[in-house]
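Participant: Sharing a structure here in structure tokens format.
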Amino acid sequence: MNTFARVLTSALLVSLMAPSLLFAQGDAAAGQAKSALCGSCHGADGNSVLSVNPKLAGQNAKYMVKQMMDFKSRARPGQTMVAMIANVSEQDMQDIAAYYASQTVTVEGADEASIELAQTLYRAGNQELSVAACSACHSPTGSGNEPAGYPALGGQHADYTLLQLKDFRSGTRENDEAGMMQTTVERLTDRELEALASYLSGLN
């Protein structure tokens, strides 16, 4: 089985298994109050102003909780977030995630010159290079897969997305499921990653 098929199979298995698992639920109302400090970087409603700070509005709660826990355990690097999350409890994380998940993400504008390239990669991947379609895990609309814990990508700042793609490609970031992201982007060029990041910023 080639890499392309393995990624698709893994995504499908996680999607099928996840609904049977029990996940803690957060309180969005409580999360709004607890997110006050988060808002200084990510925006009060989760739509950050600075393009290097990720938008959290509309993001899947399960994914956000995992990222916060990964920052706390240092499985994901990031000095600012490691410090910010140090004294945040798991219940607080659940509540904050529930609040931001309930918000609506704003959509950016994609670079028209690179849409065709990015759309092909996102929807179909590149079987010659064993690159899986991004939509297999993140959905055709970029809304992700909440039960499986795969993040929503639509509307995200292009600068932030590009940085994450490059970090996965270089191995700087390795906290994804079974290394799927690194496997997917390791053979993509800077031009292709830039096109994808721009495309995703306008996807909805």
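By convention here, the chains of the structure tokens are called A, B, ... in the order presented, each chain's residues are numbered starting at 1, and ligands are numbered starting at 1 in the order presented.
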Neighbours of Leu56 in chain A within 7 Å (only C-alpha atoms; same-chain residues fewer than 6 positions away dropped), as a PyMOL selection string?

Facilitator: chain A and resi 42+46-47+100

Participant: Output C-alpha atoms for every residue in that selection, as a compact mmCIF listing (two decimals), in the first residue's frame.

Facilitator:
```
# COMPACT_ATOMS: atom_id res chain seq x y z
CA HIS A 42 -6.59 35.58 19.04
CA GLY A 46 -11.47 34.19 17.86
CA ASN A 47 -10.80 36.19 14.70
CA TYR A 100 -14.34 29.56 20.22
```

Participant: Near Ala118 in chain A, counting only C-alpha atoms, which residues have an atom at most 9 Å away, once you skip same-chain residues fewer than 4 positions from it, shown as a PDB file with N, CA and C atoms, in the first residue's frame?

Facilitator:
```
ATOM      1  N   SER A 114      -3.130  31.654  -8.021  1.00  0.00           N
ATOM      2  CA  SER A 114      -2.699  30.337  -7.549  1.00  0.00           C
ATOM      3  C   SER A 114      -3.858  29.414  -7.181  1.00  0.00           C
ATOM      4  N   TYR A 122      -5.682  20.444  -3.143  1.00  0.00           N
ATOM      5  CA  TYR A 122      -6.582  20.300  -2.002  1.00  0.00           C
ATOM      6  C   TYR A 122      -7.626  19.221  -2.261  1.00  0.00           C
ATOM      7  N   ARG A 123      -8.180  19.208  -3.457  1.00  0.00           N
ATOM      8  CA  ARG A 123      -9.276  18.284  -3.753  1.00  0.00           C
ATOM      9  C   ARG A 123      -8.827  16.908  -4.219  1.00  0.00           C
ATOM     10  N   GLU A 192       3.872  25.529  -3.918  1.00  0.00           N
ATOM     11  CA  GLU A 192       2.650  24.768  -3.680  1.00  0.00           C
ATOM     12  C   GLU A 192       2.089  25.031  -2.281  1.00  0.00           C
ATOM     13  N   LEU A 193       2.965  25.128  -1.303  1.00  0.00           N
ATOM     14  CA  LEU A 193       2.505  25.419   0.051  1.00  0.00           C
ATOM     15  C   LEU A 193       1.913  26.826   0.143  1.00  0.00           C
ATOM     16  N   GLU A 194       2.543  27.781  -0.528  1.00  0.00           N
ATOM     17  CA  GLU A 194       2.023  29.152  -0.544  1.00  0.00           C
ATOM     18  C   GLU A 194       0.656  29.206  -1.219  1.00  0.00           C
ATOM     19  N   ALA A 195       0.509  28.446  -2.298  1.00  0.00           N
ATOM     20  CA  ALA A 195      -0.774  28.411  -3.001  1.00  0.00           C
ATOM     21  C   ALA A 195      -1.857  27.821  -2.114  1.00  0.00           C
ATOM     22  N   LEU A 196      -1.534  26.737  -1.416  1.00  0.00           N
ATOM     23  CA  LEU A 196      -2.505  26.102  -0.521  1.00  0.00           C
ATOM     24  C   LEU A 196      -2.911  27.035   0.612  1.00  0.00           C
ATOM     25  N   ALA A 197      -1.933  27.709   1.215  1.00  0.00           N
ATOM     26  CA  ALA A 197      -2.221  28.615   2.333  1.00  0.00           C
ATOM     27  C   ALA A 197      -3.130  29.748   1.890  1.00  0.00           C
ATOM     28  N   SER A 198      -2.883  30.281   0.705  1.00  0.00           N
ATOM     29  CA  SER A 198      -3.726  31.352   0.181  1.00  0.00           C
ATOM     30  C   SER A 198      -5.129  30.844  -0.119  1.00  0.00           C
ATOM     31  N   TYR A 199      -5.213  29.686  -0.744  1.00  0.00           N
ATOM     32  CA  TYR A 199      -6.498  29.088  -1.096  1.00  0.00           C
ATOM     33  C   TYR A 199      -7.356  28.834   0.141  1.00  0.00           C
ATOM     34  N   LEU A 200      -6.733  28.303   1.179  1.00  0.00           N
ATOM     35  CA  LEU A 200      -7.462  27.985   2.404  1.00  0.00           C
ATOM     36  C   LEU A 200      -8.004  29.230   3.089  1.00  0.00           C
TER      37      LEU A 200
END
```

Participant: Just checking: using only C-alpha atoms, which residue out of A:Lys66, A:Val105, A:Asn145, A:Leu188 ends up closest to Leu117 in chain A?

Facilitator: A:Leu188

Participant: Taking the DSSP assignment computed from this structure's backbone, write out as a PyMOL selection string all residues of range 130-197 of chain A that belong to alpha helix (DSSP H).

Facilitator: chain A and resi 135-138+158-170+180-185+190-197

Participant: Write to file, as an mmCIF file, in the first residue's frame, the residues of the selection just made, with N, CA and C atoms.

Facilitator:
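Contents of the output file selection.cif:
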```
data_model
loop_
_atom_site.group_PDB
_atom_site.id
_atom_site.type_symbol
_atom_site.label_atom_id
_atom_site.label_comp_id
_atom_site.auth_asym_id
_atom_site.auth_seq_id
_atom_site.Cartn_x
_atom_site.Cartn_y
_atom_site.Cartn_z
ATOM 1 N N SER A 135 -8.552 17.501 1.304
ATOM 2 C CA SER A 135 -9.982 17.412 1.611
ATOM 3 C C SER A 135 -10.367 16.082 2.246
ATOM 4 N N ALA A 136 -9.520 15.061 2.111
ATOM 5 C CA ALA A 136 -9.824 13.756 2.699
ATOM 6 C C ALA A 136 -9.945 13.844 4.217
ATOM 7 N N CYS A 137 -9.163 14.717 4.826
ATOM 8 C CA CYS A 137 -9.212 14.887 6.280
ATOM 9 C C CYS A 137 -9.889 16.190 6.696
ATOM 10 N N HIS A 138 -9.752 17.219 5.863
ATOM 11 C CA HIS A 138 -10.210 18.552 6.269
ATOM 12 C C HIS A 138 -11.523 18.969 5.614
ATOM 13 N N ALA A 158 -3.449 33.132 5.890
ATOM 14 C CA ALA A 158 -2.497 32.451 5.013
ATOM 15 C C ALA A 158 -1.102 32.404 5.635
ATOM 16 N N ASP A 159 -0.678 33.480 6.296
ATOM 17 C CA ASP A 159 0.658 33.510 6.901
ATOM 18 C C ASP A 159 0.803 32.427 7.965
ATOM 19 N N TYR A 160 -0.227 32.274 8.790
ATOM 20 C CA TYR A 160 -0.171 31.265 9.845
ATOM 21 C C TYR A 160 -0.175 29.860 9.247
ATOM 22 N N THR A 161 -1.064 29.621 8.290
ATOM 23 C CA THR A 161 -1.143 28.295 7.666
ATOM 24 C C THR A 161 0.169 27.923 6.996
ATOM 25 N N LEU A 162 0.757 28.870 6.279
ATOM 26 C CA LEU A 162 2.017 28.594 5.584
ATOM 27 C C LEU A 162 3.112 28.224 6.581
ATOM 28 N N LEU A 163 3.174 28.924 7.702
ATOM 29 C CA LEU A 163 4.179 28.616 8.710
ATOM 30 C C LEU A 163 3.997 27.200 9.243
ATOM 31 N N GLN A 164 2.748 26.799 9.493
ATOM 32 C CA GLN A 164 2.497 25.449 9.998
ATOM 33 C C GLN A 164 2.860 24.382 8.966
ATOM 34 N N LEU A 165 2.526 24.628 7.701
ATOM 35 C CA LEU A 165 2.856 23.673 6.642
ATOM 36 C C LEU A 165 4.367 23.485 6.526
ATOM 37 N N LYS A 166 5.100 24.587 6.606
ATOM 38 C CA LYS A 166 6.554 24.505 6.520
ATOM 39 C C LYS A 166 7.136 23.817 7.754
ATOM 40 N N ASP A 167 6.540 24.066 8.913
ATOM 41 C CA ASP A 167 7.021 23.410 10.139
ATOM 42 C C ASP A 167 6.774 21.903 10.089
ATOM 43 N N PHE A 168 5.623 21.501 9.536
ATOM 44 C CA PHE A 168 5.365 20.064 9.378
ATOM 45 C C PHE A 168 6.366 19.470 8.392
ATOM 46 N N ARG A 169 6.612 20.181 7.298
ATOM 47 C CA ARG A 169 7.523 19.667 6.276
ATOM 48 C C ARG A 169 8.941 19.498 6.818
ATOM 49 N N SER A 170 9.382 20.442 7.634
ATOM 50 C CA SER A 170 10.745 20.397 8.171
ATOM 51 C C SER A 170 10.884 19.484 9.385
ATOM 52 N N MET A 180 0.811 12.156 9.717
ATOM 53 C CA MET A 180 0.131 12.304 8.426
ATOM 54 C C MET A 180 0.459 13.616 7.732
ATOM 55 N N MET A 181 0.561 14.712 8.496
ATOM 56 C CA MET A 181 0.825 15.998 7.861
ATOM 57 C C MET A 181 2.214 16.040 7.241
ATOM 58 N N GLN A 182 3.191 15.542 7.947
ATOM 59 C CA GLN A 182 4.542 15.545 7.390
ATOM 60 C C GLN A 182 4.602 14.674 6.138
ATOM 61 N N THR A 183 3.943 13.536 6.190
ATOM 62 C CA THR A 183 3.903 12.645 5.026
ATOM 63 C C THR A 183 3.232 13.331 3.842
ATOM 64 N N THR A 184 2.217 14.130 4.119
ATOM 65 C CA THR A 184 1.464 14.785 3.045
ATOM 66 C C THR A 184 2.229 15.933 2.409
ATOM 67 N N VAL A 185 2.959 16.724 3.213
ATOM 68 C CA VAL A 185 3.574 17.935 2.656
ATOM 69 C C VAL A 185 5.065 17.818 2.380
ATOM 70 N N ASP A 190 7.735 25.134 -1.999
ATOM 71 C CA ASP A 190 7.303 26.373 -1.360
ATOM 72 C C ASP A 190 6.141 26.990 -2.127
ATOM 73 N N ARG A 191 6.224 26.969 -3.447
ATOM 74 C CA ARG A 191 5.163 27.548 -4.275
ATOM 75 C C ARG A 191 3.839 26.846 -4.027
ATOM 76 N N GLU A 192 3.872 25.529 -3.918
ATOM 77 C CA GLU A 192 2.650 24.768 -3.680
ATOM 78 C C GLU A 192 2.089 25.031 -2.281
ATOM 79 N N LEU A 193 2.965 25.128 -1.303
ATOM 80 C CA LEU A 193 2.505 25.419 0.051
ATOM 81 C C LEU A 193 1.913 26.826 0.143
ATOM 82 N N GLU A 194 2.543 27.781 -0.528
ATOM 83 C CA GLU A 194 2.023 29.152 -0.544
ATOM 84 C C GLU A 194 0.656 29.206 -1.219
ATOM 85 N N ALA A 195 0.509 28.446 -2.298
ATOM 86 C CA ALA A 195 -0.774 28.411 -3.001
ATOM 87 C C ALA A 195 -1.857 27.821 -2.114
ATOM 88 N N LEU A 196 -1.534 26.737 -1.416
ATOM 89 C CA LEU A 196 -2.505 26.102 -0.521
ATOM 90 C C LEU A 196 -2.911 27.035 0.612
ATOM 91 N N ALA A 197 -1.933 27.709 1.215
ATOM 92 C CA ALA A 197 -2.221 28.615 2.333
ATOM 93 C C ALA A 197 -3.130 29.748 1.890
#
```

Participant: Please identify all polymer residues within 9 Å of Lys62 in chain A, counting only C-alpha atoms, omitting same-chain residues fewer than 2 positions from it, and present them as a list in words.

Facilitator: Phe23, Gln59, Asn60, Met64, Val65, Lys66, Gln67, Gln94, Ala97, Ala98, Glu146, Pro147, Ala148, Gly149, Tyr150 and Pro151 of chain A

Participant: DSSP on the backbone, strand (DSSP E or B) only: what residues of range 51-181 of chain A does that give? Format it as a list in words.

Facilitator: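 Filtering range 51-181 of chain A down to strand (DSSP E or B) leaves Asn126, Val131, Asn145 and Tyr150 of chain A.
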
Participant: Tell me which protein, DNA and RNA residues are within 10 Å of Cys38 in chain A, counting only C-alpha atoms, leaving out same-chain ones fewer than 4 positions away, and put them as a PDB file with C-alpha atoms, in the first residue's frame.

Facilitator:
```pdb
ATOM      1  CA  GLN A  32     -16.121  33.139  27.030  1.00  0.00           C
ATOM      2  CA  LYS A  34     -12.075  32.244  30.635  1.00  0.00           C
ATOM      3  CA  HIS A  42      -6.585  35.576  19.040  1.00  0.00           C
ATOM      4  CA  GLY A  43      -9.330  38.218  19.131  1.00  0.00           C
ATOM      5  CA  ALA A  44     -12.316  38.398  21.459  1.00  0.00           C
ATOM      6  CA  ASP A  45     -14.396  36.298  19.047  1.00  0.00           C
ATOM      7  CA  GLY A  46     -11.468  34.189  17.865  1.00  0.00           C
ATOM      8  CA  LEU A  56      -9.779  30.126  16.624  1.00  0.00           C
ATOM      9  CA  MET A  81       1.623  29.279  24.280  1.00  0.00           C
ATOM     10  CA  MET A  84       0.097  30.914  28.622  1.00  0.00           C
ATOM     11  CA  ILE A  85      -1.299  27.416  29.073  1.00  0.00           C
ATOM     12  CA  ILE A  96     -12.455  27.823  26.055  1.00  0.00           C
TER      13      ILE A  96
END
```

Participant: When you look at Ser143 in chain A with a cut-off of 7 Å (counting only C-alpha atoms), what residues show up, excluding the ones that are within fewer than 4 positions of it in the same chain? I need them as a list in words.

Facilitator: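 The residues that qualify are His138, Ser139, Ala152, Leu153 and Gly154 of chain A.
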
Participant: Between CA of Val52 in chain A and CA of Ala124 in chain A, what is the distance, to one decimal in Å?

Facilitator: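 Taking CA of Val52 in chain A as the start and CA of Ala124 in chain A as the end point, the length is 27.8 Å.
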
Participant: With a distance cut-off of 9 Å and only C-alpha atoms, select the neighbouring residues of Gln91 in chain A, excluding the residue or stretch itself and same-chain residues fewer than 5 positions from it, and output the selection as a list in words.

Facilitator: Ala24, Gln25, Gly26, Asp27 and Ile96 of chain A

Participant: Determine, counting only C-alpha atoms, which protein, DNA and RNA residues have an atom within 12 Å of an atom of Arg74 in chain A; residues of the same chain fewer than 4 positions away are not included. Present the result as number ranges by chain.

Facilitator: A: 66-70, 78-83, 85-86, 173-175

Participant: CA of Leu203 in chain A to CA of Gly155 in chain A: how many Å, to one decimal?

Facilitator: 5.9 Å

Participant: For Val107 in chain A, which of A:Gln127, A:Gln119, A:Ser51, A:Gln156 is the closest residue, counting only C-alpha atoms?

Facilitator: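 Smallest distance to Val107 in chain A is found for A:Gln156.
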
Participant: Take CA of Glu128 in chain A and CA of Ala178 in chain A and report the distance between them in Å, one decimal.

Facilitator: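 So the two atoms, CA of Glu128 in chain A and CA of Ala178 in chain A, lie 21.8 Å apart.
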
Participant: Compare A:Ser35, A:Val131, A:His157, A:Gly142 by their minimum atom-to-atom distance to Ala110 in chain A, counting only C-alpha atoms, and give me the closest one.

Facilitator: A:His157
